[in-house]
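One file, model17.tsv, carrying TSV, C-alpha atoms:
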```
chain	number	residue	atom	x	y	z
G	1	MET	CA	0.00	0.00	0.00
G	2	PRO	CA	1.38	3.42	-0.86
G	3	ASN	CA	2.02	5.55	2.16
G	4	PRO	CA	-0.41	8.47	1.85
G	5	ASP	CA	0.24	11.73	3.58
G	6	ASP	CA	-0.45	10.26	6.99
G	7	MET	CA	-0.83	13.53	8.83
G	8	LEU	CA	-3.23	14.94	6.28
G	9	PHE	CA	-5.42	11.83	6.45
G	10	ARG	CA	-5.41	11.72	10.24
G	11	THR	CA	-6.18	15.43	10.43
G	12	LEU	CA	-9.18	15.21	8.13
G	13	ALA	CA	-10.45	11.87	9.43
G	14	ASP	CA	-11.74	13.74	12.50
G	15	PRO	CA	-15.23	15.00	11.61
G	16	THR	CA	-15.01	18.06	13.86
G	17	ARG	CA	-11.78	19.20	12.26
G	18	ARG	CA	-13.16	18.47	8.82
G	19	ALA	CA	-16.26	20.54	9.61
G	20	ILE	CA	-14.11	23.46	10.78
G	21	PHE	CA	-12.02	23.24	7.63
G	22	GLU	CA	-15.15	23.02	5.45
G	23	ARG	CA	-16.55	26.09	7.13
G	24	LEU	CA	-13.35	28.05	6.48
G	25	CYS	CA	-13.47	26.95	2.83
G	26	ARG	CA	-17.10	27.97	2.56
G	27	ASP	CA	-17.24	31.17	4.61
G	28	GLY	CA	-13.70	32.51	4.27
G	29	GLU	CA	-11.47	33.87	7.00
G	30	GLN	CA	-12.78	33.58	10.59
G	31	THR	CA	-11.72	34.10	14.19
G	32	VAL	CA	-11.82	31.30	16.79
G	33	GLY	CA	-14.76	33.07	18.41
G	34	ALA	CA	-16.76	33.14	15.20
G	35	LEU	CA	-15.96	29.48	14.53
G	36	THR	CA	-17.07	28.53	18.03
G	37	THR	CA	-20.41	30.37	17.94
G	38	GLY	CA	-23.24	27.88	17.48
G	39	SER	CA	-20.81	25.02	16.89
G	40	GLY	CA	-21.65	23.03	20.00
G	41	VAL	CA	-17.90	22.67	20.66
G	42	SER	CA	-15.95	24.68	23.26
G	43	GLN	CA	-13.58	27.45	22.21
G	44	PRO	CA	-10.49	25.62	23.61
G	45	ALA	CA	-11.51	22.56	21.57
G	46	VAL	CA	-11.89	24.66	18.41
G	47	SER	CA	-8.47	26.26	19.09
G	48	LYS	CA	-6.90	22.84	19.52
G	49	HIS	CA	-8.41	21.61	16.24
G	50	LEU	CA	-7.17	24.77	14.47
G	51	GLY	CA	-3.68	24.03	15.81
G	52	VAL	CA	-3.78	20.54	14.30
G	53	LEU	CA	-5.13	21.89	10.99
G	54	LYS	CA	-2.33	24.46	10.96
G	55	LEU	CA	0.31	21.77	11.56
G	56	ALA	CA	-1.03	19.87	8.57
G	57	GLY	CA	-0.78	23.06	6.50
G	58	LEU	CA	-4.55	23.19	6.01
G	59	VAL	CA	-5.11	26.55	7.69
G	60	ARG	CA	-3.08	29.71	8.02
G	61	ASP	CA	-3.38	32.18	10.89
G	62	ARG	CA	-3.11	35.94	10.62
G	63	PRO	CA	-2.68	37.85	13.89
G	64	ASP	CA	-4.53	41.16	13.93
G	65	GLY	CA	-4.23	42.98	17.24
G	66	ARG	CA	-5.71	40.76	19.95
G	67	GLN	CA	-7.54	38.63	17.38
G	68	THR	CA	-6.23	35.86	15.20
G	69	HIS	CA	-7.94	35.19	11.90
G	70	TYR	CA	-7.85	31.72	10.34
G	71	SER	CA	-8.20	30.88	6.66
G	72	ALA	CA	-8.28	27.63	4.69
G	73	GLN	CA	-5.32	26.54	2.53
G	74	PRO	CA	-6.98	24.14	0.07
G	75	GLY	CA	-3.70	23.63	-1.80
G	76	ALA	CA	-2.55	21.45	1.12
G	77	LEU	CA	-5.14	18.89	0.00
G	78	ALA	CA	-3.18	17.93	-3.12
G	79	PRO	CA	-1.92	14.61	-1.64
G	80	LEU	CA	-5.52	13.57	-1.01
G	81	VAL	CA	-6.44	14.28	-4.58
G	82	ASP	CA	-3.61	11.89	-5.55
G	83	TRP	CA	-5.13	9.15	-3.40
G	84	THR	CA	-6.93	7.26	-6.14
G	85	GLY	CA	-3.85	7.28	-8.36
G	86	ARG	CA	-1.70	5.83	-5.63
G	87	MET	CA	-4.24	3.19	-4.62
G	88	THR	CA	-4.61	2.17	-8.26
G	89	GLY	CA	-0.84	1.65	-8.43
G	90	PHE	CA	-0.93	-0.38	-5.22
G	91	TRP	CA	-3.66	-2.72	-6.50
G	92	GLN	CA	-2.04	-3.13	-9.91
G	93	GLY	CA	1.08	-4.36	-8.12
G	94	ARG	CA	-1.05	-6.78	-6.05
G	95	PHE	CA	-2.70	-8.07	-9.24
G	96	ASP	CA	0.78	-8.77	-10.70
G	97	ASP	CA	1.78	-10.74	-7.59
G	98	LEU	CA	-1.56	-12.56	-7.56
G	99	GLU	CA	-1.08	-13.61	-11.16
G	100	ASP	CA	2.45	-14.86	-10.37
G	101	LEU	CA	1.07	-16.85	-7.45
G	102	LEU	CA	-1.68	-18.41	-9.61
G	103	LYS	CA	0.95	-19.57	-12.11
G	104	ARG	CA	2.82	-21.33	-9.30
G	105	MET	CA	-0.27	-22.88	-7.65
G	106	ASP	CA	-1.40	-26.44	-8.31
G	107	GLN	CA	-4.76	-26.76	-10.01
Z	1	MET	CA	-14.83	18.51	-11.92
Z	2	THR	CA	-18.49	17.64	-12.36
Z	3	GLU	CA	-18.30	13.94	-11.54
Z	4	THR	CA	-19.66	12.97	-8.14
Z	5	THR	CA	-16.84	12.63	-5.68
Z	6	THR	CA	-17.85	9.08	-4.78
Z	7	GLU	CA	-16.86	8.09	-8.29
Z	8	THR	CA	-13.69	10.12	-8.14
Z	9	LEU	CA	-12.64	8.26	-5.02
Z	10	SER	CA	-13.41	4.80	-6.24
Z	11	VAL	CA	-10.46	2.73	-7.42
Z	12	VAL	CA	-11.13	-0.01	-9.96
Z	13	VAL	CA	-8.55	-2.50	-11.21
Z	14	GLU	CA	-9.61	-5.36	-13.47
Z	15	ARG	CA	-7.80	-8.02	-15.42
Z	16	GLU	CA	-8.44	-11.11	-17.50
Z	17	MET	CA	-6.82	-14.10	-15.81
Z	18	PRO	CA	-6.19	-17.43	-17.60
Z	19	PHE	CA	-7.34	-19.37	-14.53
Z	20	PRO	CA	-10.74	-20.69	-13.40
Z	21	PRO	CA	-12.69	-18.72	-10.76
Z	22	GLU	CA	-12.32	-21.57	-8.24
Z	23	LYS	CA	-8.55	-21.27	-8.28
Z	24	ILE	CA	-8.58	-17.48	-7.97
Z	25	TRP	CA	-11.10	-17.79	-5.13
Z	26	ARG	CA	-8.62	-19.93	-3.20
Z	27	ALA	CA	-5.90	-17.29	-3.66
Z	28	LEU	CA	-8.32	-14.61	-2.43
Z	29	THR	CA	-9.53	-16.50	0.64
Z	30	GLN	CA	-6.79	-18.76	2.07
Z	31	PRO	CA	-4.49	-16.82	4.43
Z	32	HIS	CA	-1.27	-18.60	3.39
Z	33	LEU	CA	-2.06	-17.77	-0.25
Z	34	ILE	CA	-3.29	-14.21	0.48
Z	35	GLU	CA	0.04	-13.55	2.18
Z	36	ALA	CA	1.90	-14.41	-1.02
Z	37	TRP	CA	0.36	-11.55	-3.02
Z	38	LEU	CA	-1.24	-9.11	-0.54
Z	39	MET	CA	-0.43	-9.24	3.17
Z	40	LYS	CA	-0.38	-11.44	6.25
Z	41	SER	CA	-3.87	-11.84	7.74
Z	42	ASP	CA	-6.21	-13.91	9.87
Z	43	PHE	CA	-8.87	-13.83	7.16
Z	44	LYS	CA	-11.76	-16.31	7.06
Z	45	PRO	CA	-14.44	-16.30	4.33
Z	46	VAL	CA	-17.20	-15.92	6.94
Z	47	MET	CA	-19.73	-13.07	7.03
Z	48	ASP	CA	-18.94	-10.40	9.66
Z	49	HIS	CA	-15.57	-11.99	10.50
Z	50	ARG	CA	-13.18	-9.29	11.71
Z	51	PHE	CA	-9.58	-9.61	10.63
Z	52	ARG	CA	-6.43	-7.61	10.11
Z	53	PHE	CA	-3.95	-7.31	7.29
Z	54	SER	CA	-0.48	-6.51	8.56
Z	55	ALA	CA	2.69	-5.38	6.87
Z	56	ASP	CA	5.87	-3.67	7.95
Z	57	TRP	CA	4.35	-0.24	7.27
Z	58	GLY	CA	1.30	-0.83	9.49
Z	59	SER	CA	-2.00	-2.66	9.44
Z	60	VAL	CA	-5.47	-2.55	7.94
Z	61	ASP	CA	-8.55	-3.42	10.00
Z	62	CYS	CA	-11.19	-5.28	8.07
Z	63	GLN	CA	-14.54	-7.03	8.35
Z	64	VAL	CA	-16.07	-9.43	5.85
Z	65	MET	CA	-19.16	-7.87	4.23
Z	66	ALA	CA	-20.05	-10.32	1.45
Z	67	VAL	CA	-19.10	-13.89	0.60
Z	68	GLU	CA	-20.44	-15.66	-2.45
Z	69	PRO	CA	-17.98	-18.49	-3.20
Z	70	ASN	CA	-16.19	-18.21	-6.55
Z	71	ARG	CA	-18.16	-15.02	-7.40
Z	72	THR	CA	-17.99	-12.16	-4.90
Z	73	LEU	CA	-15.99	-11.20	-1.85
Z	74	ALA	CA	-16.19	-7.86	-0.03
Z	75	TYR	CA	-14.55	-6.53	3.11
Z	76	SER	CA	-14.25	-3.18	4.81
Z	77	TRP	CA	-10.76	-1.69	4.70
Z	78	GLY	CA	-9.86	0.70	7.51
Z	79	ALA	CA	-6.52	2.43	7.38
Z	80	TYR	CA	-5.31	5.86	8.48
Z	81	GLY	CA	-8.61	6.43	10.30
Z	82	VAL	CA	-10.44	6.32	7.00
Z	83	GLY	CA	-12.69	3.48	5.92
Z	84	SER	CA	-13.43	2.08	2.50
Z	85	VAL	CA	-14.79	-1.16	1.07
Z	86	VAL	CA	-12.88	-3.57	-1.16
Z	87	THR	CA	-15.07	-5.70	-3.42
Z	88	TRP	CA	-13.79	-8.57	-5.56
Z	89	THR	CA	-15.93	-9.84	-8.44
Z	90	LEU	CA	-15.08	-12.99	-10.39
Z	91	THR	CA	-16.79	-13.54	-13.74
Z	92	PRO	CA	-16.06	-16.74	-15.70
Z	93	THR	CA	-14.98	-16.18	-19.32
Z	94	SER	CA	-14.10	-18.58	-22.14
Z	95	ALA	CA	-10.40	-18.07	-21.39
Z	96	GLY	CA	-10.60	-18.10	-17.61
Z	97	THR	CA	-11.85	-15.35	-15.33
Z	98	HIS	CA	-12.45	-11.62	-15.45
Z	99	LEU	CA	-11.27	-10.40	-12.05
Z	100	ARG	CA	-12.43	-6.98	-10.84
Z	101	MET	CA	-11.43	-5.14	-7.67
Z	102	GLU	CA	-13.21	-2.00	-6.59
Z	103	GLN	CA	-12.22	0.04	-3.56
Z	104	SER	CA	-14.81	2.65	-2.72
Z	105	GLY	CA	-16.81	4.44	-0.13
Z	106	PHE	CA	-14.06	6.45	1.51
Z	107	ARG	CA	-15.75	7.52	4.76
Z	108	PRO	CA	-14.84	8.59	8.29
Z	109	ASP	CA	-14.80	5.96	11.04
Z	110	GLN	CA	-16.09	8.34	13.67
Z	111	PRO	CA	-19.52	9.88	14.27
Z	112	GLN	CA	-20.14	13.54	13.57
Z	113	ALA	CA	-19.53	15.94	16.44
Z	114	TYR	CA	-19.49	19.52	15.21
Z	115	ASN	CA	-22.64	21.60	14.97
Z	116	GLY	CA	-24.66	18.55	13.97
Z	117	ALA	CA	-22.77	18.54	10.67
Z	118	ARG	CA	-23.69	15.42	8.75
Z	119	ALA	CA	-20.97	15.90	6.20
Z	120	GLY	CA	-19.43	12.62	5.19
Z	121	TRP	CA	-16.48	12.31	2.90
Z	122	PRO	CA	-18.56	12.59	-0.30
Z	123	ARG	CA	-19.93	15.98	0.74
Z	124	PHE	CA	-16.52	17.03	1.90
Z	125	PHE	CA	-15.00	16.20	-1.45
Z	126	ALA	CA	-17.82	17.94	-3.28
Z	127	ALA	CA	-16.95	21.09	-1.34
Z	128	LEU	CA	-13.29	20.51	-2.00
Z	129	GLU	CA	-13.76	20.15	-5.72
Z	130	GLN	CA	-15.82	23.34	-5.88
Z	131	GLN	CA	-13.08	25.09	-3.97
Z	132	LEU	CA	-10.36	23.79	-6.28
Z	133	ALA	CA	-12.41	24.72	-9.33
Z	134	ARG	CA	-12.64	28.30	-8.05
Z	135	MET	CA	-8.86	28.42	-7.68
Z	136	ASP	CA	-8.24	28.01	-11.41
```

Let's see the structure in the file written out as C-alpha coordinates.
Amino acid sequence: MPNPDDMLFRTLADPTRRAIFERLCRDGEQTVGALTTGSGVSQPAVSKHLGVLKLAGLVRDRPDGRQTHYSAQPGALAPLVDWTGRMTGFWQGRFDDLEDLLKRMDQ
Amino acid sequence: MTETTTETLSVVVEREMPFPPEKIWRALTQPHLIEAWLMKSDFKPVMDHRFRFSADWGSVDCQVMAVEPNRTLAYSWGAYGVGSVVTWTLTPTSAGTHLRMEQSGFRPDQPQAYNGARAGWPRFFAALEQQLARMD
(Lines of atoms letter the chains of each structure in order from A and count residues from 1; the text may use other names and numbers.)
(Lines give C-alpha, C1' and ligand atoms only; values in the text may rest on other atoms or scores of the structure.)
Protein backbone atom coordinates (compact mmCIF):
# COMPACT_ATOMS: atom_id res chain seq x y z
CA MET A 1 0.00 0.00 0.00
CA PRO A 2 1.38 3.42 -0.86
CA ASN A 3 2.02 5.55 2.16
CA PRO A 4 -0.41 8.47 1.85
CA ASP A 5 0.24 11.73 3.58
CA ASP A 6 -0.45 10.26 6.99
CA MET A 7 -0.83 13.53 8.83
CA LEU A 8 -3.23 14.94 6.28
CA PHE A 9 -5.42 11.83 6.45
CA ARG A 10 -5.41 11.72 10.24
CA THR A 11 -6.18 15.43 10.43
CA LEU A 12 -9.18 15.21 8.13
CA ALA A 13 -10.45 11.87 9.43
CA ASP A 14 -11.74 13.74 12.50
CA PRO A 15 -15.23 15.00 11.61
CA THR A 16 -15.01 18.06 13.86
CA ARG A 17 -11.78 19.20 12.26
CA ARG A 18 -13.16 18.47 8.82
CA ALA A 19 -16.26 20.54 9.61
CA ILE A 20 -14.11 23.46 10.78
CA PHE A 21 -12.02 23.24 7.63
CA GLU A 22 -15.15 23.02 5.45
CA ARG A 23 -16.55 26.09 7.13
CA LEU A 24 -13.35 28.05 6.48
CA CYS A 25 -13.47 26.95 2.83
CA ARG A 26 -17.10 27.97 2.56
CA ASP A 27 -17.24 31.17 4.61
CA GLY A 28 -13.70 32.51 4.27
CA GLU A 29 -11.47 33.87 7.00
CA GLN A 30 -12.78 33.58 10.59
CA THR A 31 -11.72 34.10 14.19
CA VAL A 32 -11.82 31.30 16.79
CA GLY A 33 -14.76 33.07 18.41
CA ALA A 34 -16.76 33.14 15.20
CA LEU A 35 -15.96 29.48 14.53
CA THR A 36 -17.07 28.53 18.03
CA THR A 37 -20.41 30.37 17.94
CA GLY A 38 -23.24 27.88 17.48
CA SER A 39 -20.81 25.02 16.89
CA GLY A 40 -21.65 23.03 20.00
CA VAL A 41 -17.90 22.67 20.66
CA SER A 42 -15.95 24.68 23.26
CA GLN A 43 -13.58 27.45 22.21
CA PRO A 44 -10.49 25.62 23.61
CA ALA A 45 -11.51 22.56 21.57
CA VAL A 46 -11.89 24.66 18.41
CA SER A 47 -8.47 26.26 19.09
CA LYS A 48 -6.90 22.84 19.52
CA HIS A 49 -8.41 21.61 16.24
CA LEU A 50 -7.17 24.77 14.47
CA GLY A 51 -3.68 24.03 15.81
CA VAL A 52 -3.78 20.54 14.30
CA LEU A 53 -5.13 21.89 10.99
CA LYS A 54 -2.33 24.46 10.96
CA LEU A 55 0.31 21.77 11.56
CA ALA A 56 -1.03 19.87 8.57
CA GLY A 57 -0.78 23.06 6.50
CA LEU A 58 -4.55 23.19 6.01
CA VAL A 59 -5.11 26.55 7.69
CA ARG A 60 -3.08 29.71 8.02
CA ASP A 61 -3.38 32.18 10.89
CA ARG A 62 -3.11 35.94 10.62
CA PRO A 63 -2.68 37.85 13.89
CA ASP A 64 -4.53 41.16 13.93
CA GLY A 65 -4.23 42.98 17.24
CA ARG A 66 -5.71 40.76 19.95
CA GLN A 67 -7.54 38.63 17.38
CA THR A 68 -6.23 35.86 15.20
CA HIS A 69 -7.94 35.19 11.90
CA TYR A 70 -7.85 31.72 10.34
CA SER A 71 -8.20 30.88 6.66
CA ALA A 72 -8.28 27.63 4.69
CA GLN A 73 -5.32 26.54 2.53
CA PRO A 74 -6.98 24.14 0.07
CA GLY A 75 -3.70 23.63 -1.80
CA ALA A 76 -2.55 21.45 1.12
CA LEU A 77 -5.14 18.89 0.00
CA ALA A 78 -3.18 17.93 -3.12
CA PRO A 79 -1.92 14.61 -1.64
CA LEU A 80 -5.52 13.57 -1.01
CA VAL A 81 -6.44 14.28 -4.58
CA ASP A 82 -3.61 11.89 -5.55
CA TRP A 83 -5.13 9.15 -3.40
CA THR A 84 -6.93 7.26 -6.14
CA GLY A 85 -3.85 7.28 -8.36
CA ARG A 86 -1.70 5.83 -5.63
CA MET A 87 -4.24 3.19 -4.62
CA THR A 88 -4.61 2.17 -8.26
CA GLY A 89 -0.84 1.65 -8.43
CA PHE A 90 -0.93 -0.38 -5.22
CA TRP A 91 -3.66 -2.72 -6.50
CA GLN A 92 -2.04 -3.13 -9.91
CA GLY A 93 1.08 -4.36 -8.12
CA ARG A 94 -1.05 -6.78 -6.05
CA PHE A 95 -2.70 -8.07 -9.24
CA ASP A 96 0.78 -8.77 -10.70
CA ASP A 97 1.78 -10.74 -7.59
CA LEU A 98 -1.56 -12.56 -7.56
CA GLU A 99 -1.08 -13.61 -11.16
CA ASP A 100 2.45 -14.86 -10.37
CA LEU A 101 1.07 -16.85 -7.45
CA LEU A 102 -1.68 -18.41 -9.61
CA LYS A 103 0.95 -19.57 -12.11
CA ARG A 104 2.82 -21.33 -9.30
CA MET A 105 -0.27 -22.88 -7.65
CA ASP A 106 -1.40 -26.44 -8.31
CA GLN A 107 -4.76 -26.76 -10.01
CA MET B 1 -14.83 18.51 -11.92
CA THR B 2 -18.49 17.64 -12.36
CA GLU B 3 -18.30 13.94 -11.54
CA THR B 4 -19.66 12.97 -8.14
CA THR B 5 -16.84 12.63 -5.68
CA THR B 6 -17.85 9.08 -4.78
CA GLU B 7 -16.86 8.09 -8.29
CA THR B 8 -13.69 10.12 -8.14
CA LEU B 9 -12.64 8.26 -5.02
CA SER B 10 -13.41 4.80 -6.24
CA VAL B 11 -10.46 2.73 -7.42
CA VAL B 12 -11.13 -0.01 -9.96
CA VAL B 13 -8.55 -2.50 -11.21
CA GLU B 14 -9.61 -5.36 -13.47
CA ARG B 15 -7.80 -8.02 -15.42
CA GLU B 16 -8.44 -11.11 -17.50
CA MET B 17 -6.82 -14.10 -15.81
CA PRO B 18 -6.19 -17.43 -17.60
CA PHE B 19 -7.34 -19.37 -14.53
CA PRO B 20 -10.74 -20.69 -13.40
CA PRO B 21 -12.69 -18.72 -10.76
CA GLU B 22 -12.32 -21.57 -8.24
CA LYS B 23 -8.55 -21.27 -8.28
CA ILE B 24 -8.58 -17.48 -7.97
CA TRP B 25 -11.10 -17.79 -5.13
CA ARG B 26 -8.62 -19.93 -3.20
CA ALA B 27 -5.90 -17.29 -3.66
CA LEU B 28 -8.32 -14.61 -2.43
CA THR B 29 -9.53 -16.50 0.64
CA GLN B 30 -6.79 -18.76 2.07
CA PRO B 31 -4.49 -16.82 4.43
CA HIS B 32 -1.27 -18.60 3.39
CA LEU B 33 -2.06 -17.77 -0.25
CA ILE B 34 -3.29 -14.21 0.48
CA GLU B 35 0.04 -13.55 2.18
CA ALA B 36 1.90 -14.41 -1.02
CA TRP B 37 0.36 -11.55 -3.02
CA LEU B 38 -1.24 -9.11 -0.54
CA MET B 39 -0.43 -9.24 3.17
CA LYS B 40 -0.38 -11.44 6.25
CA SER B 41 -3.87 -11.84 7.74
CA ASP B 42 -6.21 -13.91 9.87
CA PHE B 43 -8.87 -13.83 7.16
CA LYS B 44 -11.76 -16.31 7.06
CA PRO B 45 -14.44 -16.30 4.33
CA VAL B 46 -17.20 -15.92 6.94
CA MET B 47 -19.73 -13.07 7.03
CA ASP B 48 -18.94 -10.40 9.66
CA HIS B 49 -15.57 -11.99 10.50
CA ARG B 50 -13.18 -9.29 11.71
CA PHE B 51 -9.58 -9.61 10.63
CA ARG B 52 -6.43 -7.61 10.11
CA PHE B 53 -3.95 -7.31 7.29
CA SER B 54 -0.48 -6.51 8.56
CA ALA B 55 2.69 -5.38 6.87
CA ASP B 56 5.87 -3.67 7.95
CA TRP B 57 4.35 -0.24 7.27
CA GLY B 58 1.30 -0.83 9.49
CA SER B 59 -2.00 -2.66 9.44
CA VAL B 60 -5.47 -2.55 7.94
CA ASP B 61 -8.55 -3.42 10.00
CA CYS B 62 -11.19 -5.28 8.07
CA GLN B 63 -14.54 -7.03 8.35
CA VAL B 64 -16.07 -9.43 5.85
CA MET B 65 -19.16 -7.87 4.23
CA ALA B 66 -20.05 -10.32 1.45
CA VAL B 67 -19.10 -13.89 0.60
CA GLU B 68 -20.44 -15.66 -2.45
CA PRO B 69 -17.98 -18.49 -3.20
CA ASN B 70 -16.19 -18.21 -6.55
CA ARG B 71 -18.16 -15.02 -7.40
CA THR B 72 -17.99 -12.16 -4.90
CA LEU B 73 -15.99 -11.20 -1.85
CA ALA B 74 -16.19 -7.86 -0.03
CA TYR B 75 -14.55 -6.53 3.11
CA SER B 76 -14.25 -3.18 4.81
CA TRP B 77 -10.76 -1.69 4.70
CA GLY B 78 -9.86 0.70 7.51
CA ALA B 79 -6.52 2.43 7.38
CA TYR B 80 -5.31 5.86 8.48
CA GLY B 81 -8.61 6.43 10.30
CA VAL B 82 -10.44 6.32 7.00
CA GLY B 83 -12.69 3.48 5.92
CA SER B 84 -13.43 2.08 2.50
CA VAL B 85 -14.79 -1.16 1.07
CA VAL B 86 -12.88 -3.57 -1.16
CA THR B 87 -15.07 -5.70 -3.42
CA TRP B 88 -13.79 -8.57 -5.56
CA THR B 89 -15.93 -9.84 -8.44
CA LEU B 90 -15.08 -12.99 -10.39
CA THR B 91 -16.79 -13.54 -13.74
CA PRO B 92 -16.06 -16.74 -15.70
CA THR B 93 -14.98 -16.18 -19.32
CA SER B 94 -14.10 -18.58 -22.14
CA ALA B 95 -10.40 -18.07 -21.39
CA GLY B 96 -10.60 -18.10 -17.61
CA THR B 97 -11.85 -15.35 -15.33
CA HIS B 98 -12.45 -11.62 -15.45
CA LEU B 99 -11.27 -10.40 -12.05
CA ARG B 100 -12.43 -6.98 -10.84
CA MET B 101 -11.43 -5.14 -7.67
CA GLU B 102 -13.21 -2.00 -6.59
CA GLN B 103 -12.22 0.04 -3.56
CA SER B 104 -14.81 2.65 -2.72
CA GLY B 105 -16.81 4.44 -0.13
CA PHE B 106 -14.06 6.45 1.51
CA ARG B 107 -15.75 7.52 4.76
CA PRO B 108 -14.84 8.59 8.29
CA ASP B 109 -14.80 5.96 11.04
CA GLN B 110 -16.09 8.34 13.67
CA PRO B 111 -19.52 9.88 14.27
CA GLN B 112 -20.14 13.54 13.57
CA ALA B 113 -19.53 15.94 16.44
CA TYR B 114 -19.49 19.52 15.21
CA ASN B 115 -22.64 21.60 14.97
CA GLY B 116 -24.66 18.55 13.97
CA ALA B 117 -22.77 18.54 10.67
CA ARG B 118 -23.69 15.42 8.75
CA ALA B 119 -20.97 15.90 6.20
CA GLY B 120 -19.43 12.62 5.19
CA TRP B 121 -16.48 12.31 2.90
CA PRO B 122 -18.56 12.59 -0.30
CA ARG B 123 -19.93 15.98 0.74
CA PHE B 124 -16.52 17.03 1.90
CA PHE B 125 -15.00 16.20 -1.45
CA ALA B 126 -17.82 17.94 -3.28
CA ALA B 127 -16.95 21.09 -1.34
CA LEU B 128 -13.29 20.51 -2.00
CA GLU B 129 -13.76 20.15 -5.72
CA GLN B 130 -15.82 23.34 -5.88
CA GLN B 131 -13.08 25.09 -3.97
CA LEU B 132 -10.36 23.79 -6.28
CA ALA B 133 -12.41 24.72 -9.33
CA ARG B 134 -12.64 28.30 -8.05
CA MET B 135 -8.86 28.42 -7.68
CA ASP B 136 -8.24 28.01 -11.41

Using Å and a single decimal, report how far atom CA of Z:Glu14 sits from atom CA of Z:Ser94. 16.4 Å

Chain G near chain Z within 9 Å: what's each residue's closest atom pair and its distance in Å to one decimal, counting all atoms listed in the file, ordered by chain then ascending residue number, as CSV?
```
residue,atom,partner,partner_atom,distance
G:Met1,CA,Z:Trp57,CA,8.5
G:Asn3,CA,Z:Trp57,CA,8.1
G:Pro4,CA,Z:Tyr80,CA,8.6
G:Asp6,CA,Z:Tyr80,CA,6.7
G:Met7,CA,Z:Tyr80,CA,8.9
G:Phe9,CA,Z:Tyr80,CA,6.3
G:Arg10,CA,Z:Tyr80,CA,6.1
G:Leu12,CA,Z:Pro108,CA,8.7
G:Ala13,CA,Z:Pro108,CA,5.6
G:Asp14,CA,Z:Gln110,CA,7.0
G:Pro15,CA,Z:Gln112,CA,5.5
G:Thr16,CA,Z:Tyr114,CA,4.9
G:Arg17,CA,Z:Tyr114,CA,8.3
G:Arg18,CA,Z:Phe124,CA,7.8
G:Ala19,CA,Z:Tyr114,CA,6.5
G:Ile20,CA,Z:Tyr114,CA,8.0
G:Glu22,CA,Z:Phe124,CA,7.1
G:Cys25,CA,Z:Gln131,CA,7.1
G:Arg26,CA,Z:Ala127,CA,7.9
G:Gly38,CA,Z:Asn115,CA,6.8
G:Ser39,CA,Z:Asn115,CA,4.3
G:Gly40,CA,Z:Asn115,CA,5.3
G:Val41,CA,Z:Tyr114,CA,6.5
G:Pro74,CA,Z:Leu132,CA,7.2
G:Gly75,CA,Z:Leu132,CA,8.0
G:Leu77,CA,Z:Leu128,CA,8.5
G:Val81,CA,Z:Leu9,CA,8.7
G:Trp83,CA,Z:Leu9,CA,7.7
G:Thr84,CA,Z:Val11,CA,5.9
G:Gly85,CA,Z:Val11,CA,8.1
G:Met87,CA,Z:Val11,CA,6.8
G:Thr88,CA,Z:Val11,CA,5.9
G:Trp91,CA,Z:Val13,CA,6.8
G:Gln92,CA,Z:Val13,CA,6.7
G:Gly93,CA,Z:Trp37,CA,8.8
G:Arg94,CA,Z:Trp37,CA,5.8
G:Phe95,CA,Z:Trp37,CA,7.8
G:Asp96,CA,Z:Trp37,CA,8.2
G:Asp97,CA,Z:Trp37,CA,4.9
G:Leu98,CA,Z:Trp37,CA,5.0
G:Glu99,CA,Z:Met17,CA,7.4
G:Asp100,CA,Z:Trp37,CA,8.3
G:Leu101,CA,Z:Ala36,CA,6.9
G:Leu102,CA,Z:Ile24,CA,7.2
G:Lys103,CA,Z:Phe19,CA,8.6
G:Met105,CA,Z:Lys23,CA,8.5
G:Asp106,CA,Z:Lys23,CA,8.8
G:Gln107,CA,Z:Lys23,CA,6.9
```

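Distances from Z:Met65, Z:Val46, Z:His32, Z:Asn70 to Z:Thr97 were compared using only C-alpha atoms, and the smallest one belongs to Z:Asn70.
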
Between atom CA of Z:Thr93 and atom CA of Z:Pro21, distance in Å (one decimal):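 Rounded to one decimal, the two atoms are 9.2 Å apart.
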
Quick one: everything within 10 Å of G:Leu55, counting only C-alpha atoms, minus sequence neighbours fewer than 5 positions away in the same chain. Send it as a list of chain:residue names.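 Neighbouring residues, sequence-local ones excluded: G:Met7, G:Leu8, G:Thr11, G:His49, G:Leu50, G:Arg60.
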
Mind pulling up the distance from atom CA of Z:Arg52 to atom CA of Z:Thr89? 21.0 Å

With distances taken over all atoms listed in the file, which residue among G:Thr31, G:Asp64, G:Arg86, G:Arg104 lies nearest G:Gln43?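 Nearest to G:Gln43: G:Thr31.
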